[in-house]
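First up is the structure itself, then whatever we jot down about it.
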Amino acid sequence: DAGITQSPRYKITETGRQVTLMCHQTWSHSYMFWYRQDLGHGLRLIYYSAAADITDKGEVPDGYVVSRSKTENFPLTLESATRSQTSVYFCASSESWLGRSGTSTDTQYFGPGTRLTVL
Amino acid sequence: DQQVKQNSPSLSVQEGRISILNCDYTNSMFDYFLWYKKYPAEGPTFLISISSIKDKNEDGRFTVFLNKSAKHLSLHIVPSQPGDSAVYFCAAETGTASKLTFGTGTRLQVTL
């Protein structure tokens, strides 16, 4: 299927375990992003990538690791999960540097989200 | 430090009336603004955007207004429909690697 997909959609894990959330896009977009959504905070950027093998920290990167060996995949790993990482995680991608293409549809496209619960 | 603020957590509007959702920002480097709509258990979907060189952008029932001097933007939905009931997020971009800063969202309920 074309688009952006995330797996798993739901995950329950225990404190201290390693968890990897997967993100896959079929558009060959250069930019990819990971956000977490929490009540009272909206969506906060965890990590982003401008291209394969190029990643950088966002607003809340602590406790997370990313990699991007292929353009279409951008996995997010929680190395040692904590209860504070219970959240809904969204992956997104965009083709261009937003606002520069001159098109009104210049945007990030979001996956359906992964609901992660850390017990 | 919340650089993008949506001060109304919720809004209820009657079907057929105008919905006005507001967003304020503090970072004068923001130069591209977007509105996203989000239904439960789904990812946000793009609604409309506006560049800082414009003060208005219209797309069907949706219009976004930007007041740069006041650092304020608003989304107008006319007429409101029950299917518009969702959480609306305002987002802003600084021109650096397409990173977005989101507001906390406003839950819109359109009643019959």
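By convention here, the chains of the structure tokens are called A, B, ... in the order presented, each chain's residues are numbered starting at 1, and ligands are numbered starting at 1 in the order presented.
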
Practice task
Mind checking which residues fall within 10 Å of His24 in chain A, counting only C-alpha atoms, ignoring those fewer than 2 positions away in the same chain, and posting them as number ranges by chain?
Solution key: A: 2-7, 22, 26-28, 32, 70-75, 91-93, 111

Keeping only N, CA and C atoms, write those residues as an mmCIF file, in the first residue's frame.
data_model
loop_
_atom_site.group_PDB
_atom_site.id
_atom_site.type_symbol
_atom_site.label_atom_id
_atom_site.label_comp_id
_atom_site.auth_asym_id
_atom_site.auth_seq_id
_atom_site.Cartn_x
_atom_site.Cartn_y
_atom_site.Cartn_z
ATOM 1 N N ALA A 2 0.458 2.213 -0.789
ATOM 2 C CA ALA A 2 1.187 3.463 -0.812
ATOM 3 C C ALA A 2 0.888 4.252 0.446
ATOM 4 N N GLY A 3 1.885 5.038 0.889
ATOM 5 C CA GLY A 3 1.639 5.893 2.036
ATOM 6 C C GLY A 3 2.664 5.679 3.122
ATOM 7 N N ILE A 4 2.264 5.964 4.314
ATOM 8 C CA ILE A 4 3.150 5.837 5.463
ATOM 9 C C ILE A 4 2.501 4.931 6.500
ATOM 10 N N THR A 5 3.205 3.924 6.923
ATOM 11 C CA THR A 5 2.664 2.944 7.845
ATOM 12 C C THR A 5 3.538 2.842 9.085
ATOM 13 N N GLN A 6 2.908 2.449 10.185
ATOM 14 C CA GLN A 6 3.607 2.270 11.445
ATOM 15 C C GLN A 6 3.255 0.905 12.014
ATOM 16 N N SER A 7 4.235 0.277 12.650
ATOM 17 C CA SER A 7 3.963 -0.982 13.335
ATOM 18 C C SER A 7 4.833 -1.093 14.576
ATOM 19 N N MET A 22 8.357 0.844 14.316
ATOM 20 C CA MET A 22 8.744 0.892 12.913
ATOM 21 C C MET A 22 7.926 1.926 12.149
ATOM 22 N N THR A 26 6.331 4.981 1.407
ATOM 23 C CA THR A 26 6.534 4.500 0.037
ATOM 24 C C THR A 26 6.724 5.637 -0.961
ATOM 25 N N TRP A 27 6.765 6.874 -0.474
ATOM 26 C CA TRP A 27 6.875 8.011 -1.404
ATOM 27 C C TRP A 27 8.305 8.412 -1.735
ATOM 28 N N SER A 28 9.278 7.811 -1.048
ATOM 29 C CA SER A 28 10.688 8.229 -1.183
ATOM 30 C C SER A 28 10.896 9.674 -0.721
ATOM 31 N N MET A 32 11.956 12.619 7.306
ATOM 32 C CA MET A 32 11.101 11.796 8.161
ATOM 33 C C MET A 32 11.226 12.268 9.603
ATOM 34 N N LYS A 70 17.935 3.243 5.207
ATOM 35 C CA LYS A 70 17.240 3.322 3.925
ATOM 36 C C LYS A 70 16.260 4.491 3.953
ATOM 37 N N THR A 71 16.071 5.119 2.799
ATOM 38 C CA THR A 71 15.202 6.283 2.723
ATOM 39 C C THR A 71 13.801 5.999 3.256
ATOM 40 N N GLU A 72 13.288 4.801 2.985
ATOM 41 C CA GLU A 72 11.884 4.534 3.283
ATOM 42 C C GLU A 72 11.604 4.124 4.725
ATOM 43 N N ASN A 73 12.635 3.824 5.510
ATOM 44 C CA ASN A 73 12.420 3.332 6.871
ATOM 45 C C ASN A 73 13.068 4.244 7.899
ATOM 46 N N PHE A 74 12.372 4.401 9.023
ATOM 47 C CA PHE A 74 12.895 5.278 10.079
ATOM 48 C C PHE A 74 12.468 4.702 11.430
ATOM 49 N N PRO A 75 13.140 3.659 11.908
ATOM 50 C CA PRO A 75 12.745 3.052 13.182
ATOM 51 C C PRO A 75 13.144 3.909 14.383
ATOM 52 N N CYS A 91 4.811 8.861 13.316
ATOM 53 C CA CYS A 91 5.861 9.048 12.335
ATOM 54 C C CYS A 91 5.295 9.935 11.220
ATOM 55 N N ALA A 92 6.131 10.741 10.606
ATOM 56 C CA ALA A 92 5.681 11.588 9.507
ATOM 57 C C ALA A 92 6.783 11.698 8.468
ATOM 58 N N SER A 93 6.400 12.088 7.262
ATOM 59 C CA SER A 93 7.402 12.312 6.213
ATOM 60 C C SER A 93 6.993 13.512 5.385
ATOM 61 N N GLY A 111 1.707 9.000 9.795
ATOM 62 C CA GLY A 111 1.223 7.644 9.916
ATOM 63 C C GLY A 111 0.075 7.567 10.915
#

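All chain B residues having an atom within 8 Å of chain A, based on only C-alpha atoms, amount to Tyr32, Leu34, Ala41, Glu42, Gly43, Pro44, Thr45, Phe46, Ile48, Ser49, Ile50, Ser51, Phe89, Glu93, Gly95, Thr96, Ala97, Ser98, Lys99, Leu100, Thr101, Phe102, Gly103, Thr104 and Gly105 of chain B.
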
Selected residues written out, N, CA, C and O atoms, as a compact mmCIF listing (two decimals), in the first residue's frame:
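Once everything was written out, this is selection_14.txt:
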# COMPACT_ATOMS: atom_id res chain seq x y z
N TYR B 32 6.10 29.68 8.17
CA TYR B 32 5.14 28.84 7.45
C TYR B 32 4.27 28.19 8.49
O TYR B 32 4.79 27.64 9.48
N LEU B 34 0.67 25.79 9.46
CA LEU B 34 -0.22 24.75 8.96
C LEU B 34 -1.29 24.45 10.01
O LEU B 34 -1.06 24.61 11.21
N ALA B 41 -7.67 7.83 17.13
CA ALA B 41 -7.01 6.62 16.62
C ALA B 41 -6.49 6.77 15.19
O ALA B 41 -6.24 5.77 14.50
N GLU B 42 -6.32 8.01 14.72
CA GLU B 42 -5.74 8.25 13.41
C GLU B 42 -4.61 9.28 13.53
O GLU B 42 -4.54 10.02 14.52
N GLY B 43 -3.76 9.33 12.52
CA GLY B 43 -2.75 10.36 12.50
C GLY B 43 -3.32 11.69 12.05
O GLY B 43 -4.38 11.74 11.42
N PRO B 44 -2.65 12.79 12.38
CA PRO B 44 -3.11 14.10 11.90
C PRO B 44 -3.11 14.15 10.38
O PRO B 44 -2.24 13.57 9.73
N THR B 45 -4.08 14.84 9.82
CA THR B 45 -4.12 15.05 8.38
C THR B 45 -4.08 16.54 8.08
O THR B 45 -4.70 17.34 8.79
N PHE B 46 -3.39 16.87 7.04
CA PHE B 46 -3.20 18.26 6.64
C PHE B 46 -4.51 18.88 6.20
O PHE B 46 -5.31 18.27 5.50
N ILE B 48 -4.82 22.91 5.82
CA ILE B 48 -4.54 24.13 5.07
C ILE B 48 -3.27 24.75 5.63
O ILE B 48 -2.92 24.52 6.79
N SER B 49 -2.56 25.52 4.79
CA SER B 49 -1.34 26.17 5.23
C SER B 49 -1.31 27.61 4.75
O SER B 49 -2.11 28.03 3.91
N ILE B 50 -0.37 28.36 5.31
CA ILE B 50 -0.19 29.74 4.88
C ILE B 50 1.27 30.14 5.08
O ILE B 50 1.89 29.79 6.09
N SER B 51 1.80 30.81 4.10
CA SER B 51 3.15 31.34 4.19
C SER B 51 3.10 32.71 4.86
O SER B 51 2.10 33.41 4.78
N PHE B 89 -4.94 20.96 15.24
CA PHE B 89 -3.62 21.41 15.69
C PHE B 89 -3.10 22.49 14.76
O PHE B 89 -3.14 22.35 13.54
N GLU B 93 6.57 26.39 11.28
CA GLU B 93 7.88 25.93 10.82
C GLU B 93 8.83 27.11 10.69
O GLU B 93 8.44 28.20 10.25
N GLY B 95 11.69 27.08 8.94
CA GLY B 95 12.52 27.06 7.76
C GLY B 95 13.78 26.24 7.96
O GLY B 95 14.68 26.28 7.14
N THR B 96 13.82 25.49 9.06
CA THR B 96 14.98 24.65 9.33
C THR B 96 14.59 23.19 9.21
O THR B 96 13.90 22.67 10.09
N ALA B 97 14.98 22.57 8.13
CA ALA B 97 14.77 21.12 7.93
C ALA B 97 13.33 20.71 8.11
O ALA B 97 13.04 19.59 8.53
N SER B 98 12.41 21.59 7.79
CA SER B 98 10.98 21.27 7.84
C SER B 98 10.49 20.88 9.22
O SER B 98 9.44 20.25 9.34
N LYS B 99 11.19 21.22 10.27
CA LYS B 99 10.72 20.88 11.61
C LYS B 99 9.50 21.72 11.96
O LYS B 99 9.46 22.92 11.71
N LEU B 100 8.53 21.05 12.56
CA LEU B 100 7.31 21.73 12.97
C LEU B 100 7.21 21.80 14.48
O LEU B 100 7.58 20.86 15.18
N THR B 101 6.68 22.92 14.96
CA THR B 101 6.32 23.07 16.36
C THR B 101 4.81 23.14 16.42
O THR B 101 4.19 23.97 15.72
N PHE B 102 4.21 22.26 17.23
CA PHE B 102 2.76 22.15 17.30
C PHE B 102 2.19 22.83 18.53
O PHE B 102 2.83 22.89 19.58
N GLY B 103 0.95 23.30 18.38
CA GLY B 103 0.18 23.73 19.54
C GLY B 103 -0.41 22.52 20.23
O GLY B 103 -0.25 21.38 19.79
N THR B 104 -1.12 22.77 21.32
CA THR B 104 -1.66 21.67 22.12
C THR B 104 -3.00 21.15 21.61
O THR B 104 -3.49 20.15 22.10
N GLY B 105 -3.58 21.83 20.63
CA GLY B 105 -4.80 21.33 20.01
C GLY B 105 -6.06 21.93 20.59
O GLY B 105 -6.12 22.31 21.77

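Counting only C-alpha atoms and comparing B:Phe65, B:Tyr39, B:Phe33, B:Tyr25, the residue that lies closest to Ile77 in chain B is B:Phe65.
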
Practice task
Using backbone DSSP assignments, extract all strand (DSSP E) residues from range 1-105 of chain B; output them as an NGL selection string.
Solution key: :B and (4-5 or 10-14 or 19-25 or 32-38 or 45-51 or 56-59 or 62-67 or 72-77 or 86-93 or 100-102)

So that I can see what lies close to Gly16 in chain B, please list as a compact mmCIF listing (two decimals) with N, CA, C and O atoms, in the first residue's frame the residues with an atom at most 8 Å from it, counting only C-alpha atoms and leaving out residues fewer than 5 positions away in the same chain.
# COMPACT_ATOMS: atom_id res chain seq x y z
N VAL B 78 -16.50 27.50 7.52
CA VAL B 78 -17.86 27.99 7.23
C VAL B 78 -18.44 27.25 6.02
O VAL B 78 -17.81 27.28 4.97
N PRO B 79 -19.61 26.63 6.12
CA PRO B 79 -20.33 26.37 7.35
C PRO B 79 -19.78 25.13 8.05
O PRO B 79 -19.24 24.23 7.40
N SER B 80 -19.91 25.08 9.34
CA SER B 80 -19.42 23.93 10.09
C SER B 80 -20.35 22.73 9.86
O SER B 80 -21.58 22.88 9.76
N GLN B 81 -19.74 21.55 9.79
CA GLN B 81 -20.48 20.32 9.57
C GLN B 81 -20.13 19.31 10.67
O GLN B 81 -19.02 19.36 11.22

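Among A:Arg68, A:Leu76, A:Thr20, A:Thr15, the residue with the shortest atom-to-atom distance to Trp34 in chain A, counting only C-alpha atoms, is A:Leu76.
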
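CA of Asp59 in chain B is positioned 20.8 Å from CA of Arg107 in chain B.
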
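For the pair CA of Ser52 in chain B and CA of Ile20 in chain B, the separation is 19.8 Å.
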
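Remark: for Thr26 in chain B, the closest of the candidate residues B:Pro9, B:Val4, B:Val64, B:Asn57 is B:Val4 (distances computed over only C-alpha atoms).
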